[in-house]
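Below: the structure, in C-alpha cells.
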Protein chains: 2
Amino acid sequence: MATSDLIGEIRNSFDSLHASEAAIAQLVIDNPDRVTAMNISQLAEFSETSVATVVRFSKALGFKGYPDFRMALVGEVSRRNSTTGAISNLDGGITIDDSDEEIIRKIALADAIAIQSTAERLDVATFKKVVNAWGKARTVGIIGLASSGYVAMDLQLKLNRLGKPAIAWRDAHSALTSISLLNKGDVLVAVSHSGTTLDIVDVMNEFKARGVTIVLITNSHRSTSTTIADLTLYTSARETTFRSGATASRIAQLTVVDCLCVAMAQRNWSETKSALEISRAAVGSRSGKKVVTNKHPKPVKTRNQGGNK
Amino acid sequence: MATSDLIGEIRNSFDSLHASEAAIAQLVIDNPDRVTAMNISQLAEFSETSVATVVRFSKALGFKGYPDFRMALVGEVSRRNSTTGAISNLDGGITIDDSDEEIIRKIALADAIAIQSTAERLDVATFKKVVNAWGKARTVGIIGLASSGYVAMDLQLKLNRLGKPAIAWRDAHSALTSISLLNKGDVLVAVSHSGTTLDIVDVMNEFKARGVTIVLITNSHRSTSTTIADLTLYTSARETTFRSGATASRIAQLTVVDCLCVAMAQRNWSETKSALEISRAAVGSRSGKKVVTNKHPKPVKTRNQGGNK
DNA sequence: GTTTCTCAAGAAACTTTTTTTCATCGGCGA
DNA sequence: TCGCCGATGAAAAAAAGTTTCTTGAGAAAC
C-alpha cells in the first residue's frame, strides 16, 4: 500500500496522537530514511518508547501494523529520492507572497493528492460491506454539517437516483426528530471531517441505540466517532495553513461517495441492465441539463479558449 | 542493497537461479505490485514453491532475506508508479466486470486528473478579474442547479466566512424573486457543468440586464452561457465512456471555487485571518475534540441526552 | 543393473519479529 | 483523599521468516 504523501499525512495526524506516539512521529518526520532501516524494536528503542506504542502509532495512521507502515515509508522515501521536488514543495501551505498561479497549483495539487491517497488507503473490505449494507437497508439516513452537509445531500441525490430511499440531514435536530424513519437493518451515514463534532456523535449514538448500522466517513483515525461506527471509511487530506484540511477532505469525501454509488449501481444492475444504463444511473448529474438548447446556431466565440498559464 | 532497477537485476540473475527460484522470479517480474502485498508464505503458495525457496531466492539476489527483498521491491514499484503511472493509464471507463478496486482506482484517477488539468488550463487573467470583481461587489449572488447547487452553497459558505455577503440559489425562481438584491457592480456566479441549462441562461440574462457582472464556471466551451457571461472559468473534466464528466467536473468546480476564495482571502490577509479564526472558533465550540479549553463534563456518552423531541 | 553421490526442494524445527493482552501508573474530577 | 480513566510499557501470544534436516530425482561410478 503506497501513499502519495505519507510524511504530510503524519504531520496532519499529529494532533490526534498521544505523547509518546508523537515522539515517534517526530522521529519519522525528521529521519525518514533511517527509520526505514529499523525493525519495530529498534524504532521503539530509538524513540525511547515501547514496541507496543510503535504498533499503536502505525495503526493510528491507518496502517495494518508496523510492517505495513514501514513499507509505505520505504515507498515514500524511495520516491522522494527519485523525484525531488513535486512532493516536497507541497509542504508549506499558502503564503502571503504566493502568486495566483502558485495558489492554484498548490490547491489543485493538494486536492489531487487527497483524492489519490484516499483511494489508495481506502479499505476495500469495509467498502464492500458498506455497499452491501446500503443494498439491504430499506432507508438510508445521511448526516453532515456545514460543508459535509453538501456531501450528504449529494449522496442523497445519488441514492435516490438509484432508487434507494435516502434522506440527508444537515443538523442534529432534524435528524433526531426523524429518527423513527430508520430501524434495525437500516443505515445511517455520518460524514464528518474531524469525527469529533458533538452533534454528529449524538446523532450516531441515538441511531445506534435503535439498531441502525452506522457508517462513518471521516479523516481522523482516532476520534470518538470511530469507536461508535460499525463501518468507517477514511479520507486522507492534510491540513495546510490557509486552508483547513476540511476543504480538501470534502473533495475526498465526494470521491468516496462517488465510488460507493458506482459500485452499488454496478451491483444492482449488472445482471439486467446494460453498462450504459449503469453509468447513466450512477452519474451524479444529468441535472436537467439537456443539451437541446444548443440548436441556436450562435457563432459562439470562446473567450479564453485554450488559455494556458 | 538499493538498486536502481531491481526488475532488470532479477532478469539478469535469471540464469543463475534454480528452477523453482526462477518460477518466483518470473512471477515477480510479471506482477511486481501484487508481490509487494504478499508475505513470504503467500508468495510461496502463489508461486507453488516453498517458503524456504523464497528465502533462497531472496538471498540469491543479494538480499539479507525476504523482508529485505520485499522492501526493495516496494521502493521500486512505488518509484515506478510515481513517474509513469499517473497519466499513462487514463482509460477511465468503468465496466460491468470491474472489481471494486478498479472502480475506486478509476474514479479517483479521473477526479484527480480533472482537477489537475483544470488547474493547468485555468486562465489566470480571468481568475484575477473574478477575484477583483468579488472584492468590489457589495453582494455576490450564486446560482447552481442540482449537484452544482451544492457547489453554489459551498461558495456562499466560504464567502460568508470571509465576511463577504453572498446568497446561493438553487433554482431560477428563487433567484429571480431575489433579483433586487444585486445591482450594478455586484456579481452573479453561475455554476453549470453544461452551460446550456435554460434556467441558468434565463437567470444570467435577467441579472445581466440589471448591470450585474456575470461569472460563469462551466465545463463546456461551446454553450450559450459563455456568450452571456462577462467572465468564464472553465473546468476540464473529460467525458469517459461509462461515467459522464459531470461528477468529476463538480469536483473540479469545487477546486476552482477553493482557489478563488483562497486568492481572495490572501488579498486581504490580515482581515481574513481573524475572520477565519472567528468562524473556526464558532465551529470549534461544538467539537468534542480534546482541546484543552473544553470543560464539558461528559465528552462522549450522550445516550439519553434530550433525545426525542 | 545396481550403487552411490550430489544437490534442488520441501517439511519441519527453530528464531526473530510483531501483535495482543494485561497490569501499572499518573492525572483529573468528585 | 478516593476512585476512575486512559496512556503506557512489560510480557505473553501469534505471526513471519530462517535454518536445518530429509527426501528423492538424476548423474556418475562400479
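We name chains A, B, ... following the order of the C-alpha cells; residues begin at 1 in each chain, and ligands are numbered from 1 as shown.
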
Per-residue nearest contacts of chain C to chain B (8 Å; only C-alpha atoms (C1' of nucleotides)) as JSON lines:
```
{"residue": "C:DA8", "atom": "C1'", "partner": "B:His18", "partner_atom": "CA", "distance": 7.5}
{"residue": "C:DA9", "atom": "C1'", "partner": "B:Thr53", "partner_atom": "CA", "distance": 7.3}
{"residue": "C:DG10", "atom": "C1'", "partner": "B:Ser50", "partner_atom": "CA", "distance": 6.2}
```

For the structure I just gave you, how does DSSP split range 40-259 of chain A - specifically, which residues are strand (DSSP E)? Reply as an NGL selection string. :A and (140-144 or 166-169 or 187-192 or 213-218 or 231-234)

Contacts of Ala146 in chain A within 12 Å, only C-alpha atoms (C1' of nucleotides), excl. fewer than 6 positions in-chain, as a list in words: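 In the requested format, the answer is Ala152, Met153, Trp169, Arg170, Asp171, Ala172, Val191, Ser192, His193, Thr197, Asp199, Ile200, Ala246, Thr247 and Arg250 of chain A; Tyr150, Met153, Asp154, Leu155, Gln156, Leu157, Lys158, Arg161, Ser279, Arg280 and Val283 of chain B.
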
Between D:DA28, D:DA10, D:DC4, D:DA16, which has the minimum distance to chain B (counting only C-alpha atoms (C1' of nucleotides))?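 Result for the nearest residue to chain B: D:DA16.
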
As a VMD selection string, could you give me every residue of chain D near chain B (at most 12 Å apart, counting only C-alpha atoms (C1' of nucleotides))? chain D and resid 15 to 20

Of the residues A:Phe127, A:Phe57, A:Phe14, A:Trp134, which is the one nearest to chain B, using only C-alpha atoms?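 Among the listed residues, the smallest separation from chain B belongs to A:Phe127.
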
Who sits within 12 Å of DT4 in chain C, only C-alpha atoms (C1' of nucleotides), same chain under 5 positions skipped, as a PyMOL selection string: chain D and resi 27-30

Restricting it to all heavy atoms, dump the selection as an mmCIF file, in the first residue's frame.
```cif
data_model
loop_
_atom_site.group_PDB
_atom_site.id
_atom_site.type_symbol
_atom_site.label_atom_id
_atom_site.label_comp_id
_atom_site.auth_asym_id
_atom_site.auth_seq_id
_atom_site.Cartn_x
_atom_site.Cartn_y
_atom_site.Cartn_z
ATOM 1 P P DA D 27 20.235 -36.846 -15.674
ATOM 2 O OP1 DA D 27 20.165 -35.750 -16.658
ATOM 3 O OP2 DA D 27 19.775 -38.214 -16.017
ATOM 4 O "O5'" DA D 27 21.737 -36.950 -15.159
ATOM 5 C "C5'" DA D 27 22.306 -35.862 -14.417
ATOM 6 C "C4'" DA D 27 23.587 -36.327 -13.767
ATOM 7 O "O4'" DA D 27 23.271 -37.210 -12.654
ATOM 8 C "C3'" DA D 27 24.488 -37.127 -14.715
ATOM 9 O "O3'" DA D 27 25.830 -36.693 -14.521
ATOM 10 C "C2'" DA D 27 24.297 -38.564 -14.273
ATOM 11 C "C1'" DA D 27 24.008 -38.417 -12.792
ATOM 12 N N9 DA D 27 23.180 -39.487 -12.215
ATOM 13 C C8 DA D 27 21.987 -39.968 -12.691
ATOM 14 N N7 DA D 27 21.473 -40.924 -11.955
ATOM 15 C C5 DA D 27 22.390 -41.081 -10.932
ATOM 16 C C6 DA D 27 22.423 -41.932 -9.799
ATOM 17 N N6 DA D 27 21.465 -42.832 -9.526
ATOM 18 N N1 DA D 27 23.486 -41.825 -8.961
ATOM 19 C C2 DA D 27 24.435 -40.929 -9.243
ATOM 20 N N3 DA D 27 24.506 -40.076 -10.253
ATOM 21 C C4 DA D 27 23.431 -40.196 -11.067
ATOM 22 P P DA D 28 26.920 -37.091 -15.571
ATOM 23 O OP1 DA D 28 27.645 -35.862 -15.923
ATOM 24 O OP2 DA D 28 26.327 -37.947 -16.607
ATOM 25 O "O5'" DA D 28 27.868 -37.993 -14.674
ATOM 26 C "C5'" DA D 28 28.346 -37.467 -13.440
ATOM 27 C "C4'" DA D 28 28.856 -38.605 -12.586
ATOM 28 O "O4'" DA D 28 27.754 -39.451 -12.186
ATOM 29 C "C3'" DA D 28 29.871 -39.518 -13.302
ATOM 30 O "O3'" DA D 28 31.016 -39.659 -12.462
ATOM 31 C "C2'" DA D 28 29.131 -40.831 -13.485
ATOM 32 C "C1'" DA D 28 28.153 -40.804 -12.315
ATOM 33 N N9 DA D 28 26.938 -41.590 -12.483
ATOM 34 C C8 DA D 28 26.050 -41.548 -13.519
ATOM 35 N N7 DA D 28 25.033 -42.366 -13.382
ATOM 36 C C5 DA D 28 25.282 -42.999 -12.174
ATOM 37 C C6 DA D 28 24.566 -43.986 -11.462
ATOM 38 N N6 DA D 28 23.428 -44.515 -11.875
ATOM 39 N N1 DA D 28 25.079 -44.384 -10.273
ATOM 40 C C2 DA D 28 26.240 -43.847 -9.844
ATOM 41 N N3 DA D 28 26.995 -42.913 -10.429
ATOM 42 C C4 DA D 28 26.447 -42.523 -11.611
ATOM 43 P P DA D 29 32.298 -40.427 -12.984
ATOM 44 O OP1 DA D 29 33.456 -39.593 -12.590
ATOM 45 O OP2 DA D 29 32.107 -40.843 -14.388
ATOM 46 O "O5'" DA D 29 32.288 -41.716 -12.058
ATOM 47 C "C5'" DA D 29 32.176 -41.559 -10.640
ATOM 48 C "C4'" DA D 29 31.937 -42.913 -10.011
ATOM 49 O "O4'" DA D 29 30.605 -43.385 -10.364
ATOM 50 C "C3'" DA D 29 32.927 -44.009 -10.457
ATOM 51 O "O3'" DA D 29 33.399 -44.673 -9.297
ATOM 52 C "C2'" DA D 29 32.105 -44.923 -11.338
ATOM 53 C "C1'" DA D 29 30.685 -44.745 -10.762
ATOM 54 N N9 DA D 29 29.591 -44.980 -11.696
ATOM 55 C C8 DA D 29 29.411 -44.426 -12.924
ATOM 56 N N7 DA D 29 28.298 -44.821 -13.525
ATOM 57 C C5 DA D 29 27.723 -45.694 -12.608
ATOM 58 C C6 DA D 29 26.536 -46.452 -12.640
ATOM 59 N N6 DA D 29 25.680 -46.433 -13.653
ATOM 60 N N1 DA D 29 26.260 -47.214 -11.558
ATOM 61 C C2 DA D 29 27.126 -47.221 -10.535
ATOM 62 N N3 DA D 29 28.264 -46.542 -10.391
ATOM 63 C C4 DA D 29 28.509 -45.798 -11.475
ATOM 64 P P DC D 30 34.629 -45.647 -9.412
ATOM 65 O OP1 DC D 30 35.474 -45.422 -8.209
ATOM 66 O OP2 DC D 30 35.205 -45.522 -10.764
ATOM 67 O "O5'" DC D 30 33.927 -47.056 -9.280
ATOM 68 C "C5'" DC D 30 33.049 -47.296 -8.173
ATOM 69 C "C4'" DC D 30 32.254 -48.548 -8.452
ATOM 70 O "O4'" DC D 30 31.267 -48.297 -9.464
ATOM 71 C "C3'" DC D 30 33.088 -49.734 -8.952
ATOM 72 O "O3'" DC D 30 33.009 -50.804 -8.021
ATOM 73 C "C2'" DC D 30 32.475 -50.121 -10.284
ATOM 74 C "C1'" DC D 30 31.075 -49.501 -10.190
ATOM 75 N N1 DC D 30 30.472 -49.159 -11.482
ATOM 76 C C2 DC D 30 29.205 -49.683 -11.773
ATOM 77 O O2 DC D 30 28.617 -50.427 -10.975
ATOM 78 N N3 DC D 30 28.614 -49.359 -12.977
ATOM 79 C C4 DC D 30 29.263 -48.565 -13.825
ATOM 80 N N4 DC D 30 28.643 -48.262 -14.981
ATOM 81 C C5 DC D 30 30.547 -48.030 -13.544
ATOM 82 C C6 DC D 30 31.107 -48.348 -12.369
#
```
